[in-house]
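Peer 1: Mind looking over this structure? Questions follow.
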Amino acid sequence: MAELPVQRIRVAVEAPQHSGLSGPLDYLSERALAPGSLVRVPLGRRELMGIVWPGEPDGGAEAAALRPILAELDGLPPLSASWCQLVEFAASYYQRSIGELALAVLPPQLRELDNTQLRARLKKLGKFLASPAEAQGSAPEAEEAPAGRPTLSPAQQQVLDELDALLDAARNSAPAPVLLYGITGSGKTEVYLRAAEHALAQGRQVLVLVPEINLTPQLEARFAERFGGSAASGGAAHRIVSLHSALTPAQRLRNWLAAHLGEADLVLGTRLAVFASMPRLGLIVVDEEHDPSYKQQDGARYSARDLAIYRAHQEKIPVILGSATPSLESWQRANEGRYKRLLLPGRIGGGALPRVRLFDMKRMPLSKGVTTALTTPLLDALRLRLERGEQSLIFLNRRGYAPVLHCAECNWKSDCPHCSAWRVFHKGDRTLRCHHCGFTERVPSACPSCGNQDIAPLGRGTERLEEQLQEQLPGARVLRIDADSTKHKGELEAQLAAVHSGEVDILVGTQMVTKGHDFRRITLVAAVNPDGALFSSDFRAPERLFALLMQAGGRAGRDAEAAARSEMWVQTWHPEHALYQALKQHDFEAFAKSQLAERESAGLPPFAHLALLRAEGRTVEAAQGFLKAAAAFAQAMPEAQGCLVYPAIPMSVARVANVERMQMLVEAGSRGALQRLLWHWMPELHALKREHKGLLRWALDVDPLAI
DNA sequence: AGCACGCCGACT
DNA sequence: GTCGGCGTGCTC
């Protein structure tokens with residue numbers, strides 16, 4: 001037998017960008033290995049999982065220095081070339097190493113397996129797949145009996161026809177991304193379902209992305225009901241799996257394997273699912289595409305929505321972005337004709353949107369002893385709902401009892417010793433809690449500074465609002481839902497069930513309650529203090545506020561019969577503000593137009609492209625010194641032509657857990673210009689870190705959401 | 001990132 | 001005497 005030459009194999013291993021091992025590494029193997037295969041390789045004294053990466057070995061290292069591949073995980077089909085391409089694109093776009101990103105988006109448990117363990121998992125998966133779909137718990141049971149396929153509204157039919165036409169026209173090229181624009185209750189989900197049916201009927205897999213899985217149980221239930229194998233689905237049962245971080249490691253691996261092996265037809269998941277390996281992928285749906293949680297906020301800061309668009313383009317498959325309040329990025333691309341905008345006007349069943357009423361706080365009589373949040377007209381409106389047996393939702397985006405405790409005598413305030421932020425007063429457990437670093441103390445009975453007994457809460461959070469409602473409306477059943485009331489497993493579900501079953505008259509909550517849930521009996525939604533976002537230094541704050549208020553308003557009047565008398569109240573000191581005026585008319589388009597005009601004249605996204613360099617140091621000087629050196633270097637780079645580096649500024653909460661945080665914005669006219677700058681800048685940033693001793697860490701955020 | 005090596009301060 | 005602090009350097 002002829003001796004086979006030992007060959008170089010390119011392997012992506014989990015080594016971060018700044019380790020000097022930026023690209024895939026070369027190893028030796030006696031046999032050829034298919035790109036996308038999982039292998040175990042030595043790295044230093046460690047032994048890691050790696051992925052045989054497509055492309056030529058770079059030959060950078062001396063052949064004599066190469067080490068052999070230890071083992072191949074041979075029970076799995078290799079990851080596809082297009083999966084590798086997606087990862088490679090994401091790594092380069094968000095400035096991370098290929099291996100770091102590739103391994104980070106695989107199920108954590110897969111990294112630990114050897115061939116024996118893998119075979120055991122696959123065997124278990126086989127059993128799981130053989131069991132009836134209903135018993136798998138991969139999706140919640142539908143609440144109502146399966147209703148089969150509802151008749152499409154003319155608008156839905158038209159949207160689907162246009163979708164068909166789009167796919168026909170695309171043929172061998174990538175169809176344009178579809179922006180499905182329709183208000184809450186307009187029937188977007190049914191469009192997703194029909195599009196999914198279409199793809200499944202052609203033997204393809206479907207990927208559905210949702211912002212947060214526990215906030216969208218209804219969407220999950222709709223898919224499970226339609227495709228989960230019940231008689232009503234009318235055809236072959238399809239396998240649905242979910243992928244999100246709340247799964248146990250074993251479930252996550254199992255579901256990932258089911259997708260990778262092509263056994264799962266539908267994958268429903270959060271942003272991490274955009275990297276699911278799906279060999280037969282035929283459709284991607286991104287629900288609530290504007291939602292900020294599609295942007296990963298640490299590690300590789302990728303946007304799952306943007307990557308979904310890339311992936312669909314690369315695989316030449318349709319992608320549907322759905323929203324009642326699209327991101328201005330997507331809206332602008334639709335304006336430019338790069339996305340196909342499809343509209344679902346009105347609500348299914350002709351239900352009206354709640355009437356929006358703006359209450360000018362400047363004209364409100366201030367009644368003694370009652371804080372201004374619960375105005376007399378609002379209390380009257382709540383009483384009216386109580387009499388009618390209807391529910392109300394009060395939205396206040398601030399948890400806790402009061403954002404700060406204050407001593408009238410010496411002006412002491414409940415600041416956090418470790419952060420530049422106030423500690424929030426939580427009355428329920430009598431604590432002062434820092435929402436940034438978690439530092440918690442029992443609330444003092446007297447002022448810690450001067451001993452004065454008379455320390456008072458300033459401002460209000462959901463806890464206080466709940467208490468005041470109970471005082472003002474004795475007998476009303478008030479329930480608060482926020483991160484504090486739902487921190488234990490199952491509490492959110494239990495509280496939502498209480499609302500659905502009518503055990504609650506008034507629901508108080510943070511933005512948590514504005515997402516996803518259909519509350520059939522709510523006829524009044526009130527935002528008591530939303531003005532903060534109007535004057536935020538973050539240019540995206542108005543966009544988020546508008547989406548939040550539209551979404552909150554959408555909670556009311558889902559029941560057509562109640563819709564006519566449903567109202568959304570906004571208590572504001574600025575009723576004349578364009579945002580509220582647009583909200584009053586339910587006019588997203590007018591809002592988007594005015595915002596886009598502002599963005600264009602200010603040179604902000606989507607008309608410019610941003611990256612944010614953040615630095616954390618023991619001292620302000622350390623963080624600032626690093627950013628200043630980085631800026632000086634960038635300004636001298638020829639590749640920075642046409643890019644603007646802004647001065648470093650402290651982050652809005654400048655100090656967290658005794659770490660000083662600064663940030664610096666980089667603006668470019670095009671993606672290409674920004675990428676060029678970043679590619680030449682990054683190596684220097686790694687080098688600079690060594691020179692700035694007090695610098696703890698730095699991070700680059702490409703296309704940052706919040707600035 | 002891990003994980004070594006390496007060179008200085010307070011403990012059984 | 002050594003245990004351990006984290007600075008510096010390396011990994012195909």
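Each chain in the structure tokens gets a letter, A, B and so on, in the order shown; residues start at 1 in every chain, and ligands are counted from 1 in the order they appear.
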Residues of chain C within 12 Å of chain A: nearest atom pair and distance (Å, one decimal) for each, counting only C-alpha atoms (C1' of nucleotides), sorted by chain and number, as CSV?

Peer 2:
```
residue,atom,partner,partner_atom,distance
C:DG7,C1',A:Lys693,CA,10.6
C:DT8,C1',A:Arg690,CA,10.3
C:DG9,C1',A:Ser19,CA,10.7
C:DC10,C1',A:Gly44,CA,7.7
C:DT11,C1',A:Gly44,CA,4.4
C:DC12,C1',A:Leu25,CA,4.7
```

Peer 1: Store the residues picked out above in a file with N, CA, C and O atoms (P, O5', C5', C4', C3', O3' and C1' of nucleotides), as a compact mmCIF listing (two decimals), in the first residue's frame.

Peer 2:
```txt
# COMPACT_ATOMS: atom_id res chain seq x y z
P DG C 7 -0.40 42.20 37.93
O5' DG C 7 0.38 42.45 36.54
C5' DG C 7 1.52 43.29 36.54
C4' DG C 7 2.68 42.62 35.85
C3' DG C 7 2.63 42.66 34.31
O3' DG C 7 3.95 42.95 33.84
C1' DG C 7 2.82 40.42 35.03
P DT C 8 4.14 43.35 32.31
O5' DT C 8 4.57 41.97 31.64
C5' DT C 8 5.74 41.30 32.10
C4' DT C 8 6.03 40.12 31.20
C3' DT C 8 5.68 40.31 29.73
O3' DT C 8 6.68 39.72 28.93
C1' DT C 8 4.54 38.44 30.57
P DG C 9 6.68 39.86 27.35
O5' DG C 9 7.00 38.37 26.88
C5' DG C 9 7.13 37.31 27.83
C4' DG C 9 6.72 36.00 27.16
C3' DG C 9 6.37 36.10 25.69
O3' DG C 9 6.72 34.86 25.07
C1' DG C 9 4.49 35.34 26.83
P DC C 10 6.93 34.72 23.51
O5' DC C 10 6.12 33.40 23.21
C5' DC C 10 6.47 32.18 23.88
C4' DC C 10 5.31 31.23 23.76
C3' DC C 10 4.75 31.12 22.34
O3' DC C 10 4.79 29.77 21.91
C1' DC C 10 3.01 31.47 23.91
P DT C 11 4.60 29.46 20.35
O5' DT C 11 3.34 28.50 20.39
C5' DT C 11 3.25 27.48 21.39
C4' DT C 11 1.79 27.12 21.56
C3' DT C 11 1.06 26.84 20.24
O3' DT C 11 0.32 25.65 20.37
C1' DT C 11 -0.13 28.42 21.51
P DC C 12 0.50 24.60 19.25
O5' DC C 12 0.88 25.54 18.06
C5' DC C 12 1.25 24.97 16.84
C4' DC C 12 0.05 24.39 16.13
C3' DC C 12 0.42 23.68 14.86
O3' DC C 12 -0.58 22.76 14.48
C1' DC C 12 -0.50 25.79 14.36
```

Peer 1: What residues in chain B lie within 9 Å of chain A, counting only C-alpha atoms (C1' of nucleotides), written as a count of residues only?

Peer 2: 4

Peer 1: In Å, how far is it from atom CA of Gly55 of chain A to atom CA of Gly672 of chain A?

Peer 2: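 So the answer is 23.4 Å.
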
Peer 1: Would you give me, as a PyMOL selection string, the residues in segment 173-314 of chain A that DSSP reads as helix (DSSP H, G or I)?

Peer 2: chain A and resi 188-201+213-215+217-227+231-233+249-260+271-275+292-294+304-314

Peer 1: Please measure the separation of atom CA of Ala640 of chain A and atom CA of Trp681 of chain A, giving the value in Å to one decimal.

Peer 2: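 Straight-line distance from atom CA of Ala640 of chain A to atom CA of Trp681 of chain A works out to 9.0 Å.
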
Peer 1: What are the DSSP strand (DSSP E or B) residues of segment 164-210 of chain A, as a PyMOL selection string?

Peer 2: chain A and resi 178-182+205-209

Peer 1: Tell me which protein, DNA and RNA residues are within 12 Å of DC8 of chain B, counting only C-alpha atoms (C1' of nucleotides), leaving out same-chain ones fewer than 2 positions away, and put them as a PyMOL selection string.

Peer 2: (chain B and resi 6+10) or (chain C and resi 4-7)

Peer 1: Go ahead and save the residues from that selection, with all heavy atoms, as a short mmCIF file (atom, residue, chain, number, x, y, z; two decimals), in the first residue's frame.

Peer 2:
```
data_model
loop_
_atom_site.label_atom_id
_atom_site.label_comp_id
_atom_site.auth_asym_id
_atom_site.auth_seq_id
_atom_site.Cartn_x
_atom_site.Cartn_y
_atom_site.Cartn_z
P DG B 6 10.86 29.60 34.43
OP1 DG B 6 12.07 29.52 33.58
OP2 DG B 6 10.65 28.65 35.54
"O5'" DG B 6 10.75 31.07 35.04
"C5'" DG B 6 10.37 32.18 34.23
"C4'" DG B 6 10.15 33.39 35.12
"O4'" DG B 6 8.74 33.46 35.50
"C3'" DG B 6 10.94 33.34 36.42
"O3'" DG B 6 11.46 34.63 36.72
"C2'" DG B 6 9.89 32.94 37.46
"C1'" DG B 6 8.65 33.62 36.90
N9 DG B 6 7.40 33.03 37.36
C8 DG B 6 7.14 31.68 37.56
N7 DG B 6 5.92 31.46 37.96
C5 DG B 6 5.34 32.73 38.04
C6 DG B 6 4.03 33.11 38.43
O6 DG B 6 3.09 32.40 38.77
N1 DG B 6 3.86 34.50 38.36
C2 DG B 6 4.84 35.39 37.98
N2 DG B 6 4.49 36.66 37.99
N3 DG B 6 6.06 35.03 37.62
C4 DG B 6 6.24 33.69 37.67
P DA B 10 4.11 41.19 53.32
OP1 DA B 10 3.95 42.59 53.73
OP2 DA B 10 5.04 40.30 54.08
"O5'" DA B 10 2.68 40.49 53.28
"C5'" DA B 10 1.99 40.18 54.45
"C4'" DA B 10 2.02 38.68 54.71
"O4'" DA B 10 2.98 38.02 53.84
"C3'" DA B 10 2.43 38.31 56.13
"O3'" DA B 10 1.30 37.95 56.96
"C2'" DA B 10 3.43 37.17 55.98
"C1'" DA B 10 3.43 36.86 54.48
N9 DA B 10 4.76 36.50 53.97
C8 DA B 10 5.89 37.27 53.99
N7 DA B 10 6.94 36.69 53.44
C5 DA B 10 6.46 35.44 53.06
C6 DA B 10 7.07 34.34 52.41
N6 DA B 10 8.34 34.33 52.04
N1 DA B 10 6.31 33.27 52.16
C2 DA B 10 5.03 33.28 52.53
N3 DA B 10 4.33 34.25 53.13
C4 DA B 10 5.11 35.32 53.37
P DG C 4 -1.87 28.20 48.07
OP1 DG C 4 -3.14 28.20 48.81
OP2 DG C 4 -1.62 27.18 47.02
"O5'" DG C 4 -1.66 29.65 47.43
"C5'" DG C 4 -1.83 30.81 48.24
"C4'" DG C 4 -1.36 32.03 47.48
"O4'" DG C 4 0.09 31.98 47.31
"C3'" DG C 4 -1.93 32.16 46.04
"O3'" DG C 4 -2.27 33.51 45.80
"C2'" DG C 4 -0.74 31.77 45.17
"C1'" DG C 4 0.37 32.38 45.99
N9 DG C 4 1.72 31.95 45.62
C8 DG C 4 2.14 30.69 45.27
N7 DG C 4 3.42 30.64 44.99
C5 DG C 4 3.87 31.94 45.17
C6 DG C 4 5.17 32.50 45.01
O6 DG C 4 6.20 31.94 44.69
N1 DG C 4 5.17 33.87 45.31
C2 DG C 4 4.07 34.60 45.68
N2 DG C 4 4.26 35.89 45.91
N3 DG C 4 2.86 34.09 45.83
C4 DG C 4 2.83 32.76 45.56
P DG C 5 -3.70 34.00 45.45
OP1 DG C 5 -4.33 34.24 46.75
OP2 DG C 5 -4.30 33.06 44.48
"O5'" DG C 5 -3.52 35.41 44.68
"C5'" DG C 5 -3.42 36.62 45.43
"C4'" DG C 5 -2.28 37.49 44.90
"O4'" DG C 5 -1.03 36.81 45.11
"C3'" DG C 5 -2.31 37.74 43.38
"O3'" DG C 5 -3.15 38.86 43.09
"C2'" DG C 5 -0.86 38.08 43.09
"C1'" DG C 5 -0.10 37.23 44.11
N9 DG C 5 0.54 36.04 43.53
C8 DG C 5 -0.01 34.79 43.38
N7 DG C 5 0.81 33.93 42.84
C5 DG C 5 1.97 34.66 42.62
C6 DG C 5 3.22 34.26 42.06
O6 DG C 5 3.55 33.14 41.64
N1 DG C 5 4.13 35.32 42.01
C2 DG C 5 3.87 36.59 42.45
N2 DG C 5 4.85 37.47 42.32
N3 DG C 5 2.72 36.98 42.98
C4 DG C 5 1.81 35.96 43.03
P DC C 6 -4.23 38.67 41.95
OP1 DC C 6 -5.48 39.14 42.53
OP2 DC C 6 -4.12 37.29 41.43
"O5'" DC C 6 -3.80 39.67 40.77
"C5'" DC C 6 -2.79 40.65 40.96
"C4'" DC C 6 -1.69 40.41 39.92
"O4'" DC C 6 -1.02 39.17 40.22
"C3'" DC C 6 -2.20 40.28 38.47
"O3'" DC C 6 -1.66 41.24 37.55
"C2'" DC C 6 -1.80 38.87 38.06
"C1'" DC C 6 -0.63 38.59 39.00
N1 DC C 6 -0.35 37.13 39.20
C2 DC C 6 0.98 36.68 39.24
O2 DC C 6 1.91 37.50 39.13
N3 DC C 6 1.22 35.35 39.40
C4 DC C 6 0.20 34.50 39.51
N4 DC C 6 0.49 33.21 39.67
C5 DC C 6 -1.16 34.93 39.47
C6 DC C 6 -1.39 36.24 39.32
P DG C 7 -0.40 42.20 37.93
OP1 DG C 7 0.50 41.45 38.81
OP2 DG C 7 -0.96 43.50 38.30
"O5'" DG C 7 0.38 42.45 36.54
"C5'" DG C 7 1.52 43.29 36.54
"C4'" DG C 7 2.68 42.62 35.85
"O4'" DG C 7 2.71 41.21 36.21
"C3'" DG C 7 2.63 42.66 34.31
"O3'" DG C 7 3.95 42.95 33.84
"C2'" DG C 7 2.19 41.26 33.92
"C1'" DG C 7 2.82 40.42 35.03
N9 DG C 7 2.14 39.16 35.29
C8 DG C 7 0.83 39.01 35.72
N7 DG C 7 0.49 37.75 35.89
C5 DG C 7 1.63 37.04 35.53
C6 DG C 7 1.85 35.63 35.51
O6 DG C 7 1.07 34.73 35.80
N1 DG C 7 3.14 35.33 35.08
C2 DG C 7 4.09 36.27 34.72
N2 DG C 7 5.28 35.78 34.33
N3 DG C 7 3.90 37.58 34.75
C4 DG C 7 2.65 37.89 35.16
#
```

Peer 1: What's the 12 Å shell around DC11 of chain B, counting only C-alpha atoms (C1' of nucleotides), without same-chain residues fewer than 4 positions away, as an MDAnalysis selection string?

Peer 2: chainID C and resid 1:4

Peer 1: Let's have the selection written as a compact mmCIF listing (two decimals), in the first residue's frame, with N, CA, C and O atoms (P, O5', C5', C4', C3', O3' and C1' of nucleotides).

Peer 2:
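What landed in selection.txt:
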```txt
# COMPACT_ATOMS: atom_id res chain seq x y z
P DG C 1 16.63 25.98 53.76
O5' DG C 1 15.55 25.96 52.73
C5' DG C 1 14.56 26.62 52.15
C4' DG C 1 13.25 26.35 52.85
C3' DG C 1 12.07 26.40 51.90
O3' DG C 1 11.83 25.09 51.39
C1' DG C 1 11.64 27.53 53.99
P DT C 2 10.85 24.85 50.20
O5' DT C 2 9.46 24.73 51.01
C5' DT C 2 8.30 24.16 50.36
C4' DT C 2 7.10 25.04 50.62
C3' DT C 2 6.34 25.45 49.35
O3' DT C 2 4.97 25.62 49.69
C1' DT C 2 6.95 27.34 50.50
P DC C 3 3.88 24.57 49.13
O5' DC C 3 2.52 25.43 49.07
C5' DC C 3 1.89 25.84 50.28
C4' DC C 3 1.34 27.26 50.13
C3' DC C 3 0.54 27.50 48.84
O3' DC C 3 -0.71 28.10 49.18
C1' DC C 3 2.20 29.17 49.11
P DG C 4 -1.87 28.20 48.07
O5' DG C 4 -1.66 29.65 47.43
C5' DG C 4 -1.83 30.81 48.24
C4' DG C 4 -1.36 32.03 47.48
C3' DG C 4 -1.93 32.16 46.04
O3' DG C 4 -2.27 33.51 45.80
C1' DG C 4 0.37 32.38 45.99
```

Peer 1: Separation of atom CA of Ile213 of chain A and atom CA of His244 of chain A, in Å?

Peer 2: 7.2 Å

Peer 1: Could you pull the residues within 12 Å of Glu30 of chain A, counting only C-alpha atoms (C1' of nucleotides), minus those fewer than 4 positions along the same chain, as a PyMOL selection string?

Peer 2: chain A and resi 3-9+67-72

Peer 1: Using only C-alpha atoms (C1' of nucleotides), determine which residues lie at most 9 Å from segment 659-662 of chain A, disregarding the query and same-chain residues fewer than 2 positions distant; provide the list as a PyMOL selection string.

Peer 2: chain A and resi 418-419+613-624+627+648-657+664+696
